[in-house]
Each structure stands twice: as C-alpha cells, then as structure tokens.
There are 2 protein chains.
Amino acid sequence: MVEQGGGTSGAGCMGCPLRQRSEWCVLNEEEIRFLSRHLKKRRYRAGETIFSVGEPSHGIYCVALGTAAIRKGDAEGNTVLLRLAYPGDTLGYRGLLLGENRRYGAEALGPSKICFVDRAVVKLLLERNPALGQQFLRRIASDMDEAHDHLVRNATLSNRDKFIHLLRALMNRHGRTATDGGQFMELPLSRRDLASMIGARHETLSRIIGRLEEDGIARFSGRTVYVARSHWLLNESRPPTLLD
Amino acid sequence: MVEQGGGTSGAGCMGCPLRQRSEWCVLNEEEIRFLSRHLKKRRYRAGETIFSVGEPSHGIYCVALGTAAIRKGDAEGNTVLLRLAYPGDTLGYRGLLLGENRRYGAEALGPSKICFVDRAVVKLLLERNPALGQQFLRRIASDMDEAHDHLVRNATLSNRDKFIHLLRALMNRHGRTATDGGQFMELPLSRRDLASMIGARHETLSRIIGRLEEDGIARFSGRTVYVARSHWLLNESRPPTLLD
DNA sequence: TTCAAAATTTGACCATCGTCAATTAACCCA
DNA sequence: TGGGTTAATTGACGATGGTCAAATTTTGAA
C-alpha cells in the first residue's frame with residue numbers, strides 16, 4: 001500500500017503534476033529528488049482516516065489526488081467539518097510546527113492518494129532552502145484569511161445563505177457545466193457533513209434544500225445537484241429581500 | 001506623538017517587559033538594539049484607528065500597552081469584531097507576508113501604546129536570524145488553532161453559550177477578583193461589538209444579558225459586570241479557553 | 001440480490017432570533 | 001451645563017432554527 005516516491009505517475013515528485021501548485025515548487029532538482037526518495041505515498045479508500053485528533057504529529061501530508069476532509073470536535077462531542085483539502089494542499093503543518101498533538105482529524109472523502117513527509121525530512125529541507133519556510137508562511141497566512149472570512153460569514157449570514165455560499169464553493173471544485181449552461185455537481189459530502197459546515201442540524205439543512213427546490217434555485221437528487229444558469233449568478237449573497 | 005525606541009519605559013526594547021512574551025524573544029542583544037533604533041512607538045487614544053481595510057501593508061504592529069480590536073466586514077457592510085489583541089501580540093503580519101493590502105482593520109480600544117516595525121526592518125531581522133521566522137510560524141499556527149476553535153464554537157453553541165464563553169474569556173483578561181470571591185470586570189467593548197463577536201444582533205444580546213441577570217448568573221451595569229463565584233464555574237458553558 | 005443499519009426526509013411543536021419601532025440612557029462637544 | 005447624537009433597552013411579531021419522533025430512502029455488507 002505504501003510506495004516510495006511521489007507523484008501520481010510513479011515518476012517521483014519530479015513528474016508530479018501538482019508540484020507547481022504546492023509549496024514544494026521552490027525546491028530545486030536535487031531537493032526534489034531528496035523529497036521523492038523520502039516521502040511515503042499511500043492510497044486511501046473512501047472514508048479512511050488519514051490522522052486523528054490527539055495523536056502525535058510525525059510529519060505533514062500532501063494531497064496528491066482526491067479530496068480530504070478536516071474535522072474538529074468540541075467538548076460535547078459535536079463534530080464540525082472545517083474545510084476540504086484538494087490536490088496540492090498540505091495538511092497537518094500546525095501540529096508539526098507547534099510540536100503538538102493533532103488538534104483535528106483528517107479523512108479521505110473518496111479514493112485518494114496522499115503523500116506523507118516525515119518531520120525530519122521537512123526540517124532538513126527547511127534548513128537547506130529558506131524559501132520553503134517562506135512558502136509555508138504564505139500558505140498559513142492565506143489559510144488564516146480563509147478562516148477569518150469563514151468566521152465573518154458565519155456571524156453574518158443566515159443558514160440559507162451560508163449554504164448557498166457553500167454550494168457555490170463546492171461547485172467551483174466539483175461542478176461541470178451542462179449543455180444548457182447550468183451546472184451539475186456530485187456532492188462529495190453527506191447532508192450531515194454539509195449541515196455541520198454551516199453550523200446547522202441536518203434536519204434544518206433538509207428543509208433549506210427543500211426551499212431551494214421550491215424556489216427553483218436548484219435541484220437535488222441524492223448527491224447530485226443541478227443549478228440553472230439563470231439562478232446561479234444572482235444569488236451571490238443578498239438575503240431574499242421579499243419578492244424576487 | 002511618535003518616539004523612537006520601544007518598550008514602555010523609554011529604555012528601548014531591551015527593557016520592554018513584554019519582550020519575553022513576544023516573538024522577538026529570540027533576538028540577541030545586538031538585534032534588539034537594531035530593532036529599538038528602527039521601530040516607531042506611538043500612543044493611541046480610545047477608538048483611534050491603527051490601520052484600515054484596503055491600505056497597503058507597510059509593516060507590522062506590536063501592542064505594547066492597551067487593547068486593540070481586529071475588525072473585518074463582509075460585502076454587505078456588516079462588520080464583525082474578530083478578536084482582541086493584548087500586549088505582546090503582533091498585528092498585521094498576514095498582509096506583510098502575503099504582500100497584500102490589509103484585509104481587516106485594527107483600532108485601539110482604550111489608550112494604548114503600539115510599536116510599528118517597518119517591513120524592511122522585519123525582512124532584515126528575518127534574514128539575520130532564522131529563529132525569528134520560526135517564531136512567526138509558531139505564532140501564526142497558534143492563531144490558526146484559535147480561529148478554528150472559534151469556528152467550531154460558532155457552529156455548535158447557542159448565542160447564549162457563545163456569550164458566556166466570551167464573558168469568561170474577557171474575564172480572564174480584564175477581570176479582578178472581588179472580596180467575596182466573585183469577579184468584577186470593566187468591559188472593553190460596546191454591546192454592539194460584543195454582539196458582533198457572537199454573531200448576534202445587539203437587541204438579541206440585550207435580551208441574553210437580561211436572561212443572565214434573571215437567572216442570577218451575572219449582574220450588568222453599563223460596562224461593569226459582576227459574576228458571583230458560585231455561578232462562575234458551574235455554568236452550562238464549557239472549558240475555559242483563551243480569547244479569539 | 002437481500003436485509004439490516006445508516007442516512008435522509010418530513011411533521012409537529014416550541015424556543016430562539018431578527019426586524020421594526022418606540023423609548024430611555026449615556027455620551028460628547030461646544 | 002445644555003443639547004444633540006449615539007447607544008442600549010424593550011415590546012411586538014413574524015421567521016428561522018432546534019428537538020423529538022416517525023416514515024422513507026439509501027447504503028453497505030453478506
């Protein structure tokens with residue numbers, strides 16, 4: 001299950017199509033070879049755990065293929081899906097940087113390939129190439145911005161609008177344009193997870209979905225969603241001010 | 001208004017009591033002297049703006065004395081108070097790292113002293129002392145954790161519980177123990193800002209406060225709050241965490 | 001394919017929250 | 001100190017969201 005050498009094609013990180021999109025893009029050829037030799041690539045099946053809350057942080061993970069979900073729970077046992085990670089995204093850098101145990105868990109949402117880079121390898125590369133540290137700083141800073149935007153939206157929008165925003169974000173990643181200009185998407189998440197992402201109960205989400213269908217904004221069938229072109233742009237955010 | 005040399009006593013950063021609590025603790029004596037010479041320290045009056053959304057990021061700010069508020073708005077003009085910053089906290093590193101304009105604003109909540117460090121000075125120190133970069137990484141990683149905890153709470157708790165959590169966090173910073181074992185605090189924020197921190201309208205917060213008084217959990221009078229010892233620990237809210 | 005478990009939907013009901021509007025209290029500056 | 005402005009509270013009421021429970025669909029494993 002575990003193979004040496006990164007990249008989706010077996011040619012090592014050198015041939016990895018997402019090298020340019022990840023922080024590793026600043027490494028030179030020799031450093032990439034070093035990384036290739038020392039990372040562990042592994043396939044995950046749908047639902048498989050990548051790492052869990054509370055375990056020590058031995059290294060970082062790099063999504064090569066598929067989608068991963070970041071989950072976090074509170075003291076009461078409520079669990080929230082914080083964000084999704086896509087190819088090129090790096091997971092678990094915080095625990096590594098702070099030398100702490102993992103404070104959130106990650107799992108594969110579908111069949112995925114994910115590379116693991118041991119803490120020692122990261123450390124060595126960071127020392128060799130300071131630009132890599134810069135890259136990580138930039139990455140975290142940008143994650144921070146995202147988290148803050150998320151906080152503002154959650155404090156500001158209704159559940160319905162939060163869900164619409166979420167749908168649009170998901171559509172950007174998972175959607176395809178249909179022949180009529182509308183968009184199709186296969187949802188990567190269960191209703192429960194979708195609900196947890198907007199801080200609502202799953203029953204509430206069901207009703208929101210029902211209302212979106214009534215209003216003719218979208219059609220849901222299992223995990224497939226269809227949104228007509230005409231309805232897609234004008235929902236940006238604005239609360240449905242009376243009649244529309 | 002602007003003076004050279006950091007620290008609250010005029011002895012430069014060297015004598016700054018919060019040097020050990022900020023990222024600058026890794027600098028050696030010479031580097032601290034360099035920092036002292038090149039930072040600009042400035043007093044702010046209550047409500048004064050430190051920096052605003054949209055303006056270019058020329059450097060970072062370091063709270064020496066007082067309390068600063070981080071504000072962010074969304075497209076509709078709603079504004080949210082994201083977090084408070086206290087002595088030792090660094091503001092504005094994200095815009096600097098990403099080379100972007102400020103995506104949030106900061107203002108002094110009361111009379112404050114805040115040091116400004118120009119981007120060029122930061123860059124120089126970062127190059128001279130890689131440990132400083134590490135410190136920043138750790139700081140951001142920890143801010144990130146806080147933001148995620150905040151997201152989980154917002155998705156999970158009722159407004160009432162979110163407010164109790166907020167009160168407890170504020171009490172940790174601003175509270176004093178009374179002779180009877182209860183705690184007093186002078187709130188640093190208006191009701192509107194308190195409400196925005198938990199994602200509620202100010203009218204709703206007024207009612208939450210009313211209910212807390214009815215339930216005998218706390219007493220509010222203007223900006224002073226009193227909480228009896230007996231009610232402090234057992235309230236339905238969860239674990240005591242830091243501000244965020 | 002078949003069946004049991006899990007996920008989803010739906011209904012009923014109540015608590016909470018947002019909005020509008022009207023007061024009342026606090027604040028700031030001349 | 002007065003007067004005008006902002007902040008805070010309160011009431012009424014409709015909308016939204018949570019909870020419990022039951023019905024229905026989907027999923028996964030044998």
# chains A, B, ... in the order shown; residues from 1 in each chain; ligands from 1
>>> residues_around(residues="range 6-14 of chain C", least_positions_apart="2", cutoff="7 Å", atoms="only C-alpha atoms (C1' of nucleotides)", output="PyMOL selection string")
(chain A and resi 206) or (chain D and resi 25-26)
>>> write_last_selection(atoms="N, CA and C atoms (P, O5', C5', C4', C3', O3' and C1' of nucleotides)", output="compact mmCIF listing (two decimals), in the first residue's frame")
# COMPACT_ATOMS: atom_id res chain seq x y z
N SER A 206 -32.03 19.80 5.43
CA SER A 206 -33.04 19.18 4.56
C SER A 206 -34.09 20.21 4.16
P DT D 25 -39.75 6.17 -0.18
O5' DT D 25 -38.17 6.36 -0.25
C5' DT D 25 -37.63 7.67 -0.12
C4' DT D 25 -36.14 7.57 0.06
C3' DT D 25 -35.45 6.69 -0.99
O3' DT D 25 -34.48 7.48 -1.64
C1' DT D 25 -34.73 6.12 1.21
P DT D 26 -33.61 6.83 -2.82
O5' DT D 26 -32.27 6.47 -2.04
C5' DT D 26 -31.70 7.45 -1.19
C4' DT D 26 -30.48 6.88 -0.50
C3' DT D 26 -29.56 6.08 -1.43
O3' DT D 26 -28.27 6.61 -1.30
C1' DT D 26 -30.07 4.83 0.54
>>> select_by_dssp(residues="range 101-230 of chain A", states="helix (DSSP H, G or I)", output="ChimeraX atom specification")
/A:119-128,130-156,159-174,191-197,202-214,229-230
>>> write_last_selection(atoms="C-alpha atoms", output="tab-separated table (two decimals), in the first residue's frame")
chain	number	residue	atom	x	y	z
A	119	ARG	CA	9.14	15.77	10.24
A	120	ALA	CA	12.88	15.14	9.90
A	121	VAL	CA	12.72	15.48	6.12
A	122	VAL	CA	10.73	18.70	6.38
A	123	LYS	CA	13.21	20.05	8.88
A	124	LEU	CA	16.14	19.22	6.67
A	125	LEU	CA	14.59	20.82	3.62
A	126	LEU	CA	13.63	23.90	5.62
A	127	GLU	CA	17.21	24.33	6.72
A	128	ARG	CA	18.58	23.77	3.24
A	130	PRO	CA	14.81	29.03	3.46
A	131	ALA	CA	12.43	29.84	0.61
A	132	LEU	CA	10.46	26.78	1.64
A	133	GLY	CA	9.80	28.37	5.01
A	134	GLN	CA	8.58	31.47	3.24
A	135	GLN	CA	6.22	29.32	1.25
A	136	PHE	CA	4.82	27.78	4.38
A	137	LEU	CA	4.37	31.19	5.92
A	138	ARG	CA	2.46	32.31	2.89
A	139	ARG	CA	0.33	29.22	2.92
A	140	ILE	CA	-0.59	29.58	6.56
A	141	ALA	CA	-1.26	33.27	6.19
A	142	SER	CA	-3.63	32.53	3.38
A	143	ASP	CA	-5.34	29.75	5.34
A	144	MET	CA	-5.77	32.28	8.12
A	145	ASP	CA	-7.51	34.68	5.80
A	146	GLU	CA	-9.84	31.93	4.73
A	147	ALA	CA	-10.64	31.02	8.30
A	148	HIS	CA	-11.40	34.65	9.11
A	149	ASP	CA	-13.63	35.04	6.08
A	150	HIS	CA	-15.40	31.93	7.24
A	151	LEU	CA	-15.88	33.44	10.69
A	152	VAL	CA	-17.33	36.62	9.26
A	153	ARG	CA	-19.74	34.71	7.05
A	154	ASN	CA	-20.87	32.54	9.92
A	155	ALA	CA	-21.51	35.57	12.09
A	156	THR	CA	-23.33	37.43	9.37
A	159	ASN	CA	-28.10	29.33	7.31
A	160	ARG	CA	-29.67	29.51	3.91
A	161	ASP	CA	-27.14	31.99	2.64
A	162	LYS	CA	-24.29	30.10	4.23
A	163	PHE	CA	-25.44	27.01	2.41
A	164	ILE	CA	-25.68	28.85	-0.88
A	165	HIS	CA	-22.17	30.11	-0.38
A	166	LEU	CA	-21.00	26.60	0.39
A	167	LEU	CA	-22.73	25.24	-2.68
A	168	ARG	CA	-21.02	27.79	-4.85
A	169	ALA	CA	-17.64	27.00	-3.35
A	170	LEU	CA	-18.20	23.30	-3.90
A	171	MET	CA	-19.41	23.92	-7.42
A	172	ASN	CA	-16.14	25.65	-8.19
A	173	ARG	CA	-14.28	22.49	-7.35
A	174	HIS	CA	-16.66	19.72	-8.20
A	191	ARG	CA	-26.04	16.03	4.28
A	192	ARG	CA	-24.86	15.73	7.84
A	193	ASP	CA	-21.43	17.00	6.89
A	194	LEU	CA	-22.86	19.75	4.76
A	195	ALA	CA	-25.03	20.75	7.70
A	196	SER	CA	-22.08	20.76	10.10
A	197	MET	CA	-20.17	23.03	7.74
A	202	HIS	CA	-29.19	18.03	9.31
A	203	GLU	CA	-32.97	18.36	9.57
A	204	THR	CA	-32.61	22.07	9.06
A	205	LEU	CA	-30.43	21.52	6.03
A	206	SER	CA	-33.04	19.18	4.56
A	207	ARG	CA	-35.56	21.96	4.85
A	208	ILE	CA	-33.23	24.52	3.35
A	209	ILE	CA	-32.70	22.21	0.40
A	210	GLY	CA	-36.44	21.78	0.10
A	211	ARG	CA	-36.91	25.53	-0.01
A	212	LEU	CA	-34.18	25.96	-2.62
A	213	GLU	CA	-36.03	23.46	-4.79
A	214	GLU	CA	-39.38	25.17	-4.24
A	229	ARG	CA	-27.52	29.19	-15.19
A	230	SER	CA	-30.07	31.91	-14.65
>>> closest_atom_pairs(of="chain C", to="chain B", cutoff="12 Å", atoms="only C-alpha atoms (C1' of nucleotides)", output="CSV")
residue,atom,partner,partner_atom,distance
C:DA15,C1',B:Ser158,CA,11.4
C:DT16,C1',B:Ser158,CA,9.0
C:DC17,C1',B:Thr204,CA,7.0
C:DG18,C1',B:Arg201,CA,7.5
C:DT19,C1',B:Glu203,CA,9.9
C:DC20,C1',B:Glu203,CA,11.6
C:DA25,C1',B:Gly222,CA,9.7
C:DA26,C1',B:Gly222,CA,8.9
>>> closest_residue(among="D:DT19, D:DT9, D:DT24, D:DT1", to="chain B", atoms="only C-alpha atoms (C1' of nucleotides)")
D:DT9
>>> select_by_dssp(residues="range 26-219 of chain A", states="strand (DSSP E or B)", output="count of residues only")
51
>>> calpha_fit_rmsd(fixed="chain B", moving="chain A")
3.7 Å
>>> residues_around(residues="DA30 in chain D", least_positions_apart="2", cutoff="10 Å", atoms="only C-alpha atoms (C1' of nucleotides)", output="ChimeraX atom specification")
/C:2-3 /D:28
>>> closest_residue(among="D:DT16, D:DT5, D:DT10, D:DT27", to="chain B", atoms="only C-alpha atoms (C1' of nucleotides)")
D:DT10
>>> interface_residues(of="chain D", to="chain B", cutoff="12 Å", atoms="only C-alpha atoms (C1' of nucleotides)", output="MDAnalysis selection string")
chainID D and resid 6:11 17:18
>>> write_last_selection(atoms="N, CA and C atoms (P, O5', C5', C4', C3', O3' and C1' of nucleotides)", output="tab-separated table (two decimals), in the first residue's frame")
chain	number	residue	atom	x	y	z
D	6	DT	P	-25.23	60.42	15.20
D	6	DT	O5'	-24.88	59.24	16.21
D	6	DT	C5'	-23.64	59.28	16.90
D	6	DT	C4'	-23.72	58.37	18.11
D	6	DT	C3'	-24.06	56.91	17.77
D	6	DT	O3'	-23.01	56.10	18.30
D	6	DT	C1'	-25.39	57.69	19.56
D	7	DA	P	-23.18	54.48	18.26
D	7	DA	O5'	-23.80	54.14	19.69
D	7	DA	C5'	-23.05	54.45	20.85
D	7	DA	C4'	-23.72	53.83	22.06
D	7	DA	C3'	-24.01	52.34	21.93
D	7	DA	O3'	-23.64	51.73	23.15
D	7	DA	C1'	-26.03	53.50	22.36
D	8	DA	P	-23.83	50.18	23.40
D	8	DA	O5'	-25.26	50.11	24.07
D	8	DA	C5'	-25.46	50.72	25.33
D	8	DA	C4'	-26.86	50.48	25.79
D	8	DA	C3'	-27.31	49.01	25.73
D	8	DA	O3'	-27.68	48.63	27.05
D	8	DA	C1'	-28.94	50.46	24.76
D	9	DT	P	-28.24	47.17	27.36
D	9	DT	O5'	-29.82	47.40	27.36
D	9	DT	C5'	-30.36	48.36	28.25
D	9	DT	C4'	-31.83	48.54	27.96
D	9	DT	C3'	-32.67	47.26	28.03
D	9	DT	O3'	-33.64	47.46	29.06
D	9	DT	C1'	-33.22	48.56	26.13
D	10	DT	P	-34.48	46.24	29.65
D	10	DT	O5'	-35.81	46.26	28.78
D	10	DT	C5'	-36.63	47.40	28.80
D	10	DT	C4'	-37.66	47.32	27.70
D	10	DT	C3'	-38.38	45.96	27.57
D	10	DT	O3'	-39.72	46.13	27.97
D	10	DT	C1'	-37.82	46.89	25.45
D	11	DG	P	-40.72	44.87	28.12
D	11	DG	O5'	-41.60	44.99	26.80
D	11	DG	C5'	-42.11	46.26	26.43
D	11	DG	C4'	-42.86	46.16	25.12
D	11	DG	C3'	-43.55	44.82	24.88
D	11	DG	O3'	-44.86	45.06	24.38
D	11	DG	C1'	-42.10	45.31	23.07
D	17	DG	P	-32.56	29.46	9.39
D	17	DG	O5'	-32.61	28.72	10.80
D	17	DG	C5'	-32.03	29.36	11.92
D	17	DG	C4'	-32.12	28.46	13.11
D	17	DG	C3'	-31.65	27.04	12.85
D	17	DG	O3'	-30.82	26.65	13.92
D	17	DG	C1'	-33.87	27.01	13.68
D	18	DG	P	-30.28	25.20	14.07
D	18	DG	O5'	-31.15	24.60	15.26
D	18	DG	C5'	-31.02	25.17	16.56
D	18	DG	C4'	-31.82	24.38	17.56
D	18	DG	C3'	-31.45	22.89	17.65
D	18	DG	O3'	-31.44	22.51	19.01
D	18	DG	C1'	-33.74	23.12	17.07
>>> atom_distance(atom1="CA of Leu96 in chain A", atom2="CA of Gln20 in chain B")
23.0 Å
>>> closest_residue(among="B:Gly199, B:Thr79, B:Glu55, B:Leu187", to="Arg223 in chain B", atoms="only C-alpha atoms")
B:Leu187
>>> residues_around(residues="Gly47 in chain B", least_positions_apart="3", cutoff="9 Å", atoms="only C-alpha atoms (C1' of nucleotides)", output="JSON, numbers by chain")
{"B": [44, 107, 108, 109, 110, 111]}
>>> residues_around(residues="Arg83 in chain A", least_positions_apart="5", cutoff="9 Å", atoms="only C-alpha atoms (C1' of nucleotides)", output="PyMOL selection string")
chain A and resi 68-71+197
>>> residues_around(residues="Asp118 in chain B", least_positions_apart="6", cutoff="8 Å", atoms="only C-alpha atoms (C1' of nucleotides)", output="list of chain:residue names")
B:His38, B:Leu39, B:His58, B:Gly59, B:Ile60
>>> closest_residue(among="B:Arg37, B:Phe51, B:Asn101, B:Arg19", to="Pro87 in chain B", atoms="only C-alpha atoms")
B:Arg19
>>> atom_distance(atom1="CA of Tyr93 in chain A", atom2="CA of Arg21 in chain A")
16.8 Å
>>> closest_residue(among="A:Ala75, A:Ala106, A:Ile217, A:Thr224", to="chain B", atoms="only C-alpha atoms")
A:Ala75
>>> atom_distance(atom1="CA of Asn78 in chain A", atom2="CA of Leu157 in chain B")
9.7 Å
>>> closest_residue(among="A:Cys13, A:Val80, A:Ala228, A:Leu65", to="chain B", atoms="only C-alpha atoms")
A:Val80
